[in-house]
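The block underneath contains the structure these notes are about, expressed in structure tokens.
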Protein chains: 2
Amino acid sequence: MANASTGKKLAATTAEVEDLETVVEPVLHASIYEDLRRRMITGKIVPGVGLSTRGLALELGVSQMPVRDALSRLAAEGAVAIRSKRKIEVPPMNPERFTDLLNCRLLLEPEAAVQALPHITPAKMKQLREIDAALDTAMENGDVIAYMERNFEFHFTLYRANNRPTLNRLIETLWLQFGPFMRVVYGRYGTANLVDQHRVALDAIDAGDAEALHKAIAGDIADGMGLIGRTSWA
Amino acid sequence: MANASTGKKLAATTAEVEDLETVVEPVLHASIYEDLRRRMITGKIVPGVGLSTRGLALELGVSQMPVRDALSRLAAEGAVAIRSKRKIEVPPMNPERFTDLLNCRLLLEPEAAVQALPHITPAKMKQLREIDAALDTAMENGDVIAYMERNFEFHFTLYRANNRPTLNRLIETLWLQFGPFMRVVYGRYGTANLVDQHRVALDAIDAGDAEALHKAIAGDIADGMGLIGRTSWA
DNA sequence: ACCAGAAATGTGGGATCGCAGTTATATGTC
DNA sequence: GACATATAACTGCGATCCCACATTTCTGGT
């Protein structure tokens, strides 16, 4: 399958968790969707590059049909766009869209975290700490891809503890649009000088302090905002 | 074209407004997407009914391909779901999803309105008053469809004055999931006993009072919440 | 060497067909 | 008539083919 080559599996997206007991039949276009989705969130796909249904189909060893389906879904989420007919690409970032996205994140994610707070079990807490440790390692190694994967994993294992699938889904679409660009930013400035706001968040969870958690997540997101000032919008 | 039969055109969705000057070529699957989207937001499609690509294709006089594309996009936005394989349907509402959706609306829409506040021109204001008048007429006549159309129009001509396409897009996907169900609720209880929170919002805009506007929009949404208590979740 | 204009290549979108599976209907058995 | 079974109709998914168009490459005239 297409996912086989991408290594370790991400946690299931909210879209996948249905009624439970519903064994998900491996529908081709769905797995391609997940594959591309993961590539974008973790920054393996960079803005401005053109995607082609035939190219991806060839690369994945399928016909262009399931690829079209997957790209259709991504287009609906704003992750890809049809530019100047007969061209599909990841929309380039610009300052307006960046602040727009970031403000949406600031609106949704702290709330998602706070809503999750009452449902954080000790087991979940342990899991979060492990992810955070792996995240630190990635940061020290300057491994941008691994950093972005762990970062995604951290935020969403936290968020998904809440019972708000719709809210989490909205956040995912934001990350989908964010990922490709953040990859460029991190690739340019490295991950070494990022402060780890996750620790603060974990402490807030331990203390059961909703307000502190809200601030920690907002701070984590705002850090990304800080990078924008130093970026030249080529 | 498919849209031809649906009468008066809604304002363009945020997806359409691109770089300006980009004349959107009428791609078939896009017009079908807009058509279905409009049907859902205005409640012409009711939850639980099964959609079929072949059925819709026949109805619209096209092949099933563009319909598949359109449904793919809607599926990505959570507006339709693939239940028990080989069945596409509008997902039925339940109390959890309802409150989830409503809380998301409470998070996003007041903010969208406040952000729009500085950009409301007198012309826009006039437009909003006209829509509100039409909305009142629809309410008095008990015309549920017209009411939902005008309500959509009111909120989004307001929101779209802001420069936050991403934010507005998120709100649209919420309405997309909301519409079919609200239709059922309104159809059951009528629109006569709805209070018109829009007047309050318009006054707040006139006064330039962001906080009052925030509260008015939140109140408008919360009114929908009030309906949930009286609903039997068949 | 330069720059039209023409041919070739590649693109996304749509139509059509077939497959495997589900669901509804009809048939058979007691 | 009730129920189990077989059959028919219908479904979404994927593959393949074709088209109109955009873009690139080639070519010929100056």
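Within each chain, counting starts at residue 1; across the structure tokens, chains are named A, B, ... in the order shown, with ligands numbered 1 upward in that order.
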Enumerate as a PyMOL selection string the residues belonging to chain B that approach chain D to within 10 Å, with only C-alpha atoms (C1' of nucleotides) taken into account. chain B and resi 52-54+68+82+85-88
Suppose we keep N, CA and C atoms; can you now write the selection as a PDB file, in the first residue's frame?
ATOM      1  N   SER B  52     -27.157   8.992  -4.054  1.00  0.00           N
ATOM      2  CA  SER B  52     -26.455   8.043  -4.908  1.00  0.00           C
ATOM      3  C   SER B  52     -25.868   8.793  -6.088  1.00  0.00           C
ATOM      4  N   THR B  53     -24.657   8.434  -6.425  1.00  0.00           N
ATOM      5  CA  THR B  53     -23.988   9.134  -7.531  1.00  0.00           C
ATOM      6  C   THR B  53     -24.779   8.975  -8.814  1.00  0.00           C
ATOM      7  N   ARG B  54     -25.268   7.782  -9.034  1.00  0.00           N
ATOM      8  CA  ARG B  54     -26.012   7.563 -10.276  1.00  0.00           C
ATOM      9  C   ARG B  54     -27.333   8.317 -10.276  1.00  0.00           C
ATOM     10  N   ARG B  68     -19.436  12.312  -8.300  1.00  0.00           N
ATOM     11  CA  ARG B  68     -18.500  11.682  -7.366  1.00  0.00           C
ATOM     12  C   ARG B  68     -17.541  12.708  -6.809  1.00  0.00           C
ATOM     13  N   ILE B  82     -19.884   8.173   4.394  1.00  0.00           N
ATOM     14  CA  ILE B  82     -20.052   6.853   3.813  1.00  0.00           C
ATOM     15  C   ILE B  82     -20.443   5.910   4.936  1.00  0.00           C
ATOM     16  N   LYS B  85     -20.651   0.557   4.022  1.00  0.00           N
ATOM     17  CA  LYS B  85     -20.195   0.666   2.631  1.00  0.00           C
ATOM     18  C   LYS B  85     -21.292   0.591   1.560  1.00  0.00           C
ATOM     19  N   ARG B  86     -20.970   1.232   0.493  1.00  0.00           N
ATOM     20  CA  ARG B  86     -21.905   1.324  -0.623  1.00  0.00           C
ATOM     21  C   ARG B  86     -23.163   2.092  -0.263  1.00  0.00           C
ATOM     22  N   LYS B  87     -23.009   3.053   0.628  1.00  0.00           N
ATOM     23  CA  LYS B  87     -24.136   3.936   0.942  1.00  0.00           C
ATOM     24  C   LYS B  87     -23.589   5.298   1.359  1.00  0.00           C
ATOM     25  N   ILE B  88     -24.013   6.317   0.650  1.00  0.00           N
ATOM     26  CA  ILE B  88     -23.626   7.677   1.008  1.00  0.00           C
ATOM     27  C   ILE B  88     -24.861   8.375   1.537  1.00  0.00           C
TER      28      ILE B  88
END
For chain C, work out the contacting residues on chain B at 10 Å, counting only C-alpha atoms (C1' of nucleotides), and write them as a PyMOL selection string. chain B and resi 27-29+62-66+84-87
So which bits of segment 54-204 of chain B end up strand (DSSP E) when you DSSP the backbone, as a PyMOL selection string? chain B and resi 81-82+88-89
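If you look at atom CA of Glu34 of chain B and atom CA of Glu59 of chain B, they are 15.4 Å away from each other.
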What residues in chain A have any atom no more than 7 Å from chain B when counting only C-alpha atoms, and can you write them as JSON, numbers by chain? {"A": [69, 72, 73, 76, 77, 100, 101, 104, 164, 166, 167, 170]}
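Here atom CA of Arg38 of chain B is placed at a distance of 20.8 Å from atom CA of Ala112 of chain B.
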